[in-house]
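Asks: For reference, the structure I am asking about is given below.
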Protein chains: 2
Amino acid sequence: MNFYKYSRKFAHDRITFIGLGNMGTPMATNLLKAGKKVSGYDLNTEFVENFKKEGGHSDNLNQSIKESDVIFAMLPNFKASDDVWKNAYKHMKKGAFIIDTSTFSPVDAKVIGEEAKGKGFIPAICPVSGGVQGAKNGTLSFMIGSDKDQFEMLKTILQPMGKNFYYCGDFAGGQTIKICNNLCLAIQMVGFSESMALGVKLGADPKVVTEVMSTSTGRCYSVDTYNPVPGVLPNTPASRNYDNGYNNELMKKDLVIANECAESVKLDAEIGRMVRDYYIKLVDLGKEKKDMGYVYQYILGNKKV
Amino acid sequence: MNFYKYSRKFAHDRITFIGLGNMGTPMATNLLKAGKKVSGYDLNTEFVENFKKEGGHSDNLNQSIKESDVIFAMLPNFKASDDVWKNAYKHMKKGAFIIDTSTFSPVDAKVIGEEAKGKGFIPAICPVSGGVQGAKNGTLSFMIGSDKDQFEMLKTILQPMGKNFYYCGDFAGGQTIKICNNLCLAIQMVGFSESMALGVKLGADPKVVTEVMSTSTGRCYSVDTYNPVPGVLPNTPASRNYDNGYNNELMKKDLVIANECAESVKLDAEIGRMVRDYYIKLVDLGKEKKDMGYVYQYILGNKKV
């Protein structure tokens, strides 16, 4: 018997996964499929029951934490992560991995990372890109902020859930790049919405605008994949009444963080502030659960959708 | 002898090409390579001499227009196009094609198209996308505004210069989509520059930011192909001191047109106005010949480049 191989296998076979939302459930399910023993937890008991149907466990949280080699979190904001980790520290075994895949500020990432490391755990703050579809398909991109000598091991642990694994620097590094990406995404979505609204008002066919721009210099994710015009592309939130997408509330949160970061480094992020204000406005209008592409309707002046 | 084949071949073998700048010369050269007889003209005699070295002709302009089946223009603005066509109308034969590949306002495109059609010519207003590299490689995208029944013939004529041919509607249609594309491109460039500046000031490595975003939801042409950070990608204007690219003066022109169009249809294009003002500022600062990606340096606060 190859004991080394056995111990390596054992080392990441016991997992606690906290946060079983749209992203967390498919991520945890992919860990199950890879043969791991995963205990999943969420404040929403319906989510927990669904996870159990996939083959997941969910007994006593603190006992699970105590027995686990890796504790994952996929939560909606820093406050939720902070609460989870403060409790987890009391029960975790030394040398266990803390892997937080939530999106929050790089400053908070540094705080969590250094605190966990100081207590003898192995922290990695690894926000993701790829959305619900990427989580289901196990093709997420992980932006990894950790001690560099943990990078290879982290890739092994994350493998069942992702396709791309980027080492982004210290504990804050992954969140920094995630925030840059989402700021850019929001600017592209609002910018394309404005460009498309211009075209439509000038008489262009949105399908032709999309077809041309998809192979031109204006191409981006919001043009060729996540198009905000209903009916132009199949399987977009826009084509299902802007439901079940990356919602305005989450985008607002990202943009508030991005702008706080810009202020902290004295960057005059004019476009970022303007785009943040669009998403604040959409949330104020009661559209917090609509997909971020809803901004196209707002710009077009169509408040009825 | 197949007379029909001969007459079809003859029908587009005599071409006059007006405007031999960075785009026009490689476009006209690709027509030469396809076996056409092309006479080329430009106010800059050096450009004309270079075109002759490629095998082009350049004798009497009005005689060339008189004998040509197709007259092309690739000029820097509407005024230049308007002057060229007003003269050409006096010499052209009925049924000859007018193909204007310059970028200007959709409103002006409609004026030129209807005027030419009224005089018995076949107009097509076909701005392009793909830049100097696309012109050289014969891989341009053409956004074609014309009578629909001319579309197939236009594709045949344009074939040596392009890869994608989009029918965009009436005479204004191509310019409408071109303006939408370039507005979106400018917003993406300024937006990505702001996002990248944020990342860099927070300590991220621009190469890692680019690598991650190229496979994430923030991806766009300005991230993965036309990256504005020096040294991040080879062969970008940014990596050659922002020289020989799509310059700030041209981008300013496009954005002025886009914003005039937005006003004409009462669209409140907030982001478009802000981005236009960046390019006006760059031109005012004497950076009119620098590539549009120079805006990254401006946002970063580096005025020395």
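Ordered as shown in the structure tokens, chains take letters A, B, and onward, while each chain numbers its residues from 1 and ligands are numbered from 1 in the order shown.
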Pull out every residue of chain A that has at least one atom within 7 Å of chain B, counting only C-alpha atoms, and report them as a count of residues only.

Replies: 40

Asks: From a DSSP calculation on the backbone, collect every residue of range 61-294 of chain A in alpha helix (DSSP H) and output the set as a ChimeraX atom specification.

Replies: /A:61-67,78-88,106-118,131-137,151-158,173-201,206-214,221-224,248-264,270-284

Asks: Please provide as a PDB file with all heavy atoms, in the first residue's frame all residues within 10 Å of Leu282 in chain A, with the sequence filter that same-chain residues fewer than 3 positions apart are discarded (counting only C-alpha atoms).

Replies:
ATOM      1  N   ASN A 248     -28.762  43.023  -9.982  1.00  0.00           N
ATOM      2  CA  ASN A 248     -28.344  44.411  -9.782  1.00  0.00           C
ATOM      3  C   ASN A 248     -27.809  44.672  -8.375  1.00  0.00           C
ATOM      4  O   ASN A 248     -26.922  45.503  -8.189  1.00  0.00           O
ATOM      5  CB  ASN A 248     -29.528  45.339 -10.066  1.00  0.00           C
ATOM      6  CG  ASN A 248     -29.890  45.359 -11.534  1.00  0.00           C
ATOM      7  OD1 ASN A 248     -29.003  45.338 -12.387  1.00  0.00           O
ATOM      8  ND2 ASN A 248     -31.176  45.384 -11.842  1.00  0.00           N
ATOM      9  N   GLU A 249     -28.346  43.937  -7.405  1.00  0.00           N
ATOM     10  CA  GLU A 249     -27.893  44.121  -6.031  1.00  0.00           C
ATOM     11  C   GLU A 249     -26.433  43.676  -5.872  1.00  0.00           C
ATOM     12  O   GLU A 249     -25.630  44.354  -5.226  1.00  0.00           O
ATOM     13  CB  GLU A 249     -28.804  43.282  -5.123  1.00  0.00           C
ATOM     14  CG  GLU A 249     -28.660  43.561  -3.659  1.00  0.00           C
ATOM     15  CD  GLU A 249     -29.795  42.860  -2.890  1.00  0.00           C
ATOM     16  OE1 GLU A 249     -30.232  41.760  -3.319  1.00  0.00           O
ATOM     17  OE2 GLU A 249     -30.234  43.423  -1.874  1.00  0.00           O
ATOM     18  N   LYS A 252     -24.231  46.136  -7.741  1.00  0.00           N
ATOM     19  CA  LYS A 252     -24.093  47.360  -6.932  1.00  0.00           C
ATOM     20  C   LYS A 252     -23.038  47.148  -5.841  1.00  0.00           C
ATOM     21  O   LYS A 252     -22.158  48.001  -5.627  1.00  0.00           O
ATOM     22  CB  LYS A 252     -25.438  47.728  -6.303  1.00  0.00           C
ATOM     23  CG  LYS A 252     -25.359  48.868  -5.294  1.00  0.00           C
ATOM     24  CD  LYS A 252     -26.675  49.066  -4.561  1.00  0.00           C
ATOM     25  CE  LYS A 252     -26.459  49.814  -3.252  1.00  0.00           C
ATOM     26  NZ  LYS A 252     -27.717  49.984  -2.501  1.00  0.00           N
ATOM     27  N   ARG A 276     -21.556  52.875 -11.070  1.00  0.00           N
ATOM     28  CA  ARG A 276     -22.079  52.514  -9.743  1.00  0.00           C
ATOM     29  C   ARG A 276     -23.428  53.188  -9.509  1.00  0.00           C
ATOM     30  O   ARG A 276     -24.385  52.553  -9.038  1.00  0.00           O
ATOM     31  CB  ARG A 276     -21.088  52.969  -8.656  1.00  0.00           C
ATOM     32  CG  ARG A 276     -21.594  52.765  -7.228  1.00  0.00           C
ATOM     33  CD  ARG A 276     -20.819  53.608  -6.221  1.00  0.00           C
ATOM     34  NE  ARG A 276     -20.978  55.034  -6.510  1.00  0.00           N
ATOM     35  CZ  ARG A 276     -20.247  56.001  -5.991  1.00  0.00           C
ATOM     36  NH1 ARG A 276     -19.275  55.716  -5.138  1.00  0.00           N
ATOM     37  NH2 ARG A 276     -20.451  57.268  -6.314  1.00  0.00           N
ATOM     38  N   ASP A 277     -23.532  54.460  -9.868  1.00  0.00           N
ATOM     39  CA  ASP A 277     -24.773  55.194  -9.618  1.00  0.00           C
ATOM     40  C   ASP A 277     -25.947  54.631 -10.435  1.00  0.00           C
ATOM     41  O   ASP A 277     -27.095  54.699  -9.995  1.00  0.00           O
ATOM     42  CB  ASP A 277     -24.568  56.688  -9.879  1.00  0.00           C
ATOM     43  CG  ASP A 277     -23.633  57.313  -8.836  1.00  0.00           C
ATOM     44  OD1 ASP A 277     -23.369  56.656  -7.802  1.00  0.00           O
ATOM     45  OD2 ASP A 277     -23.151  58.442  -9.048  1.00  0.00           O
ATOM     46  N   TYR A 278     -25.658  54.084 -11.626  1.00  0.00           N
ATOM     47  CA  TYR A 278     -26.717  53.405 -12.396  1.00  0.00           C
ATOM     48  C   TYR A 278     -27.267  52.224 -11.591  1.00  0.00           C
ATOM     49  O   TYR A 278     -28.473  52.018 -11.525  1.00  0.00           O
ATOM     50  CB  TYR A 278     -26.178  52.870 -13.723  1.00  0.00           C
ATOM     51  CG  TYR A 278     -26.247  53.861 -14.872  1.00  0.00           C
ATOM     52  CD1 TYR A 278     -25.229  54.788 -15.067  1.00  0.00           C
ATOM     53  CD2 TYR A 278     -27.319  53.873 -15.752  1.00  0.00           C
ATOM     54  CE1 TYR A 278     -25.269  55.686 -16.118  1.00  0.00           C
ATOM     55  CE2 TYR A 278     -27.375  54.780 -16.806  1.00  0.00           C
ATOM     56  CZ  TYR A 278     -26.346  55.682 -16.979  1.00  0.00           C
ATOM     57  OH  TYR A 278     -26.407  56.570 -18.015  1.00  0.00           O
ATOM     58  N   TYR A 279     -26.371  51.441 -10.995  1.00  0.00           N
ATOM     59  CA  TYR A 279     -26.838  50.242 -10.281  1.00  0.00           C
ATOM     60  C   TYR A 279     -27.500  50.590  -8.944  1.00  0.00           C
ATOM     61  O   TYR A 279     -28.434  49.913  -8.514  1.00  0.00           O
ATOM     62  CB  TYR A 279     -25.709  49.205 -10.172  1.00  0.00           C
ATOM     63  CG  TYR A 279     -25.543  48.516 -11.514  1.00  0.00           C
ATOM     64  CD1 TYR A 279     -24.635  48.973 -12.455  1.00  0.00           C
ATOM     65  CD2 TYR A 279     -26.404  47.478 -11.878  1.00  0.00           C
ATOM     66  CE1 TYR A 279     -24.546  48.396 -13.720  1.00  0.00           C
ATOM     67  CE2 TYR A 279     -26.323  46.903 -13.131  1.00  0.00           C
ATOM     68  CZ  TYR A 279     -25.396  47.355 -14.046  1.00  0.00           C
ATOM     69  OH  TYR A 279     -25.345  46.785 -15.293  1.00  0.00           O
ATOM     70  N   LEU A 285     -34.998  51.568  -7.588  1.00  0.00           N
ATOM     71  CA  LEU A 285     -36.254  51.421  -8.343  1.00  0.00           C
ATOM     72  C   LEU A 285     -36.941  50.084  -8.083  1.00  0.00           C
ATOM     73  O   LEU A 285     -37.963  49.773  -8.695  1.00  0.00           O
ATOM     74  CB  LEU A 285     -35.982  51.551  -9.853  1.00  0.00           C
ATOM     75  CG  LEU A 285     -35.663  52.960 -10.368  1.00  0.00           C
ATOM     76  CD1 LEU A 285     -35.179  52.897 -11.819  1.00  0.00           C
ATOM     77  CD2 LEU A 285     -36.901  53.864 -10.263  1.00  0.00           C
ATOM     78  N   GLY A 286     -36.334  49.266  -7.186  1.00  0.00           N
ATOM     79  CA  GLY A 286     -36.955  47.984  -6.846  1.00  0.00           C
ATOM     80  C   GLY A 286     -36.572  46.868  -7.805  1.00  0.00           C
ATOM     81  O   GLY A 286     -37.200  45.807  -7.823  1.00  0.00           O
ATOM     82  N   LYS A 287     -35.522  47.081  -8.600  1.00  0.00           N
ATOM     83  CA  LYS A 287     -35.098  46.076  -9.586  1.00  0.00           C
ATOM     84  C   LYS A 287     -33.906  45.270  -9.077  1.00  0.00           C
ATOM     85  O   LYS A 287     -33.119  44.741  -9.872  1.00  0.00           O
ATOM     86  CB  LYS A 287     -34.735  46.765 -10.913  1.00  0.00           C
ATOM     87  CG  LYS A 287     -35.837  47.624 -11.502  1.00  0.00           C
ATOM     88  CD  LYS A 287     -37.057  46.797 -11.882  1.00  0.00           C
ATOM     89  CE  LYS A 287     -38.140  47.665 -12.515  1.00  0.00           C
ATOM     90  NZ  LYS A 287     -39.385  46.907 -12.735  1.00  0.00           N
ATOM     91  N   GLU A 288     -33.771  45.153  -7.750  1.00  0.00           N
ATOM     92  CA  GLU A 288     -32.560  44.537  -7.195  1.00  0.00           C
ATOM     93  C   GLU A 288     -32.379  43.075  -7.602  1.00  0.00           C
ATOM     94  O   GLU A 288     -31.255  42.579  -7.656  1.00  0.00           O
ATOM     95  CB  GLU A 288     -32.504  44.687  -5.668  1.00  0.00           C
ATOM     96  CG  GLU A 288     -33.566  43.922  -4.887  1.00  0.00           C
ATOM     97  CD  GLU A 288     -34.875  44.692  -4.787  1.00  0.00           C
ATOM     98  OE1 GLU A 288     -35.013  45.741  -5.446  1.00  0.00           O
ATOM     99  OE2 GLU A 288     -35.771  44.222  -4.062  1.00  0.00           O
ATOM    100  N   LYS A 289     -33.476  42.377  -7.894  1.00  0.00           N
ATOM    101  CA  LYS A 289     -33.350  40.959  -8.261  1.00  0.00           C
ATOM    102  C   LYS A 289     -33.280  40.739  -9.767  1.00  0.00           C
ATOM    103  O   LYS A 289     -33.130  39.601 -10.227  1.00  0.00           O
ATOM    104  CB  LYS A 289     -34.510  40.147  -7.666  1.00  0.00           C
ATOM    105  CG  LYS A 289     -34.495  40.097  -6.140  1.00  0.00           C
ATOM    106  CD  LYS A 289     -33.193  39.499  -5.589  1.00  0.00           C
ATOM    107  CE  LYS A 289     -33.141  39.576  -4.062  1.00  0.00           C
ATOM    108  NZ  LYS A 289     -31.739  39.491  -3.568  1.00  0.00           N
ATOM    109  N   LYS A 290     -33.425  41.809 -10.550  1.00  0.00           N
ATOM    110  CA  LYS A 290     -33.297  41.683 -12.006  1.00  0.00           C
ATOM    111  C   LYS A 290     -31.810  41.593 -12.383  1.00  0.00           C
ATOM    112  O   LYS A 290     -30.942  42.126 -11.677  1.00  0.00           O
ATOM    113  CB  LYS A 290     -33.934  42.889 -12.710  1.00  0.00           C
ATOM    114  CG  LYS A 290     -35.450  42.928 -12.584  1.00  0.00           C
ATOM    115  CD  LYS A 290     -36.118  41.823 -13.406  1.00  0.00           C
ATOM    116  CE  LYS A 290     -37.627  41.871 -13.297  1.00  0.00           C
ATOM    117  NZ  LYS A 290     -38.258  40.673 -13.900  1.00  0.00           N
ATOM    118  N   MET A 292     -28.227  42.234 -14.206  1.00  0.00           N
ATOM    119  CA  MET A 292     -27.496  43.474 -14.465  1.00  0.00           C
ATOM    120  C   MET A 292     -27.747  44.041 -15.869  1.00  0.00           C
ATOM    121  O   MET A 292     -27.571  45.232 -16.098  1.00  0.00           O
ATOM    122  CB  MET A 292     -26.002  43.253 -14.270  1.00  0.00           C
ATOM    123  CG  MET A 292     -25.420  42.202 -15.203  1.00  0.00           C
ATOM    124  SD  MET A 292     -23.604  42.110 -15.190  1.00  0.00           S
ATOM    125  CE  MET A 292     -23.169  43.640 -15.986  1.00  0.00           C
ATOM    126  N   TYR A 294     -30.486  44.501 -17.167  1.00  0.00           N
ATOM    127  CA  TYR A 294     -31.703  45.309 -17.136  1.00  0.00           C
ATOM    128  C   TYR A 294     -31.395  46.787 -17.387  1.00  0.00           C
ATOM    129  O   TYR A 294     -32.262  47.562 -17.823  1.00  0.00           O
ATOM    130  CB  TYR A 294     -32.426  45.136 -15.802  1.00  0.00           C
ATOM    131  CG  TYR A 294     -33.720  45.899 -15.722  1.00  0.00           C
ATOM    132  CD1 TYR A 294     -34.894  45.366 -16.250  1.00  0.00           C
ATOM    133  CD2 TYR A 294     -33.759  47.175 -15.180  1.00  0.00           C
ATOM    134  CE1 TYR A 294     -36.071  46.081 -16.215  1.00  0.00           C
ATOM    135  CE2 TYR A 294     -34.937  47.904 -15.135  1.00  0.00           C
ATOM    136  CZ  TYR A 294     -36.089  47.347 -15.651  1.00  0.00           C
ATOM    137  OH  TYR A 294     -37.258  48.068 -15.620  1.00  0.00           O
ATOM    138  N   VAL A 295     -30.165  47.172 -17.137  1.00  0.00           N
ATOM    139  CA  VAL A 295     -29.766  48.568 -17.348  1.00  0.00           C
ATOM    140  C   VAL A 295     -30.047  49.010 -18.791  1.00  0.00           C
ATOM    141  O   VAL A 295     -30.271  50.191 -19.055  1.00  0.00           O
ATOM    142  CB  VAL A 295     -28.267  48.777 -16.954  1.00  0.00           C
ATOM    143  CG1 VAL A 295     -27.327  48.161 -17.979  1.00  0.00           C
ATOM    144  CG2 VAL A 295     -27.961  50.246 -16.733  1.00  0.00           C
ATOM    145  N   TYR A 298     -33.410  50.466 -18.828  1.00  0.00           N
ATOM    146  CA  TYR A 298     -33.386  51.766 -18.143  1.00  0.00           C
ATOM    147  C   TYR A 298     -32.866  52.860 -19.076  1.00  0.00           C
ATOM    148  O   TYR A 298     -33.448  53.943 -19.182  1.00  0.00           O
ATOM    149  CB  TYR A 298     -32.522  51.639 -16.884  1.00  0.00           C
ATOM    150  CG  TYR A 298     -32.404  52.921 -16.117  1.00  0.00           C
ATOM    151  CD1 TYR A 298     -33.483  53.437 -15.413  1.00  0.00           C
ATOM    152  CD2 TYR A 298     -31.201  53.629 -16.106  1.00  0.00           C
ATOM    153  CE1 TYR A 298     -33.371  54.623 -14.707  1.00  0.00           C
ATOM    154  CE2 TYR A 298     -31.080  54.818 -15.404  1.00  0.00           C
ATOM    155  CZ  TYR A 298     -32.172  55.311 -14.714  1.00  0.00           C
ATOM    156  OH  TYR A 298     -32.062  56.489 -14.029  1.00  0.00           O
TER     157      TYR A 298
END

Asks: Using DSSP assignments from the backbone, pull out every residue in range 101-278 of chain A that falls under strand (DSSP E or B) and give it to me as a count of residues only.

Replies: 21

Asks: Report as a ChimeraX atom specification all protein, DNA and RNA residues lying within 10 Å of Asn244 in chain B, evaluated on only C-alpha atoms, omitting residues in the same chain fewer than 6 positions from it.

Replies: /B:22,132,236-238,289-291

Asks: Find the residues around Phe104 in chain B up to 8 Å (only C-alpha atoms counted), leave out those fewer than 2 positions away in its own chain, and share them as an NGL selection string.

Replies: :B and (77-78 or 102 or 106 or 108-109 or 175 or 254 or 257)

Asks: Work out how far CA of Gly24 in chain B is from CA of Lys94 in chain B, in Å to one decimal.

Replies: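 Atom-to-atom, CA of Lys94 in chain B to CA of Gly24 in chain B, that is 24.7 Å.
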
Asks: Enter the distance from CA of Gly35 in chain B to CA of His57 in chain B, in Å, rounded to one decimal.

Replies: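 Taking CA of Gly35 in chain B and CA of His57 in chain B, their separation equals 12.9 Å.
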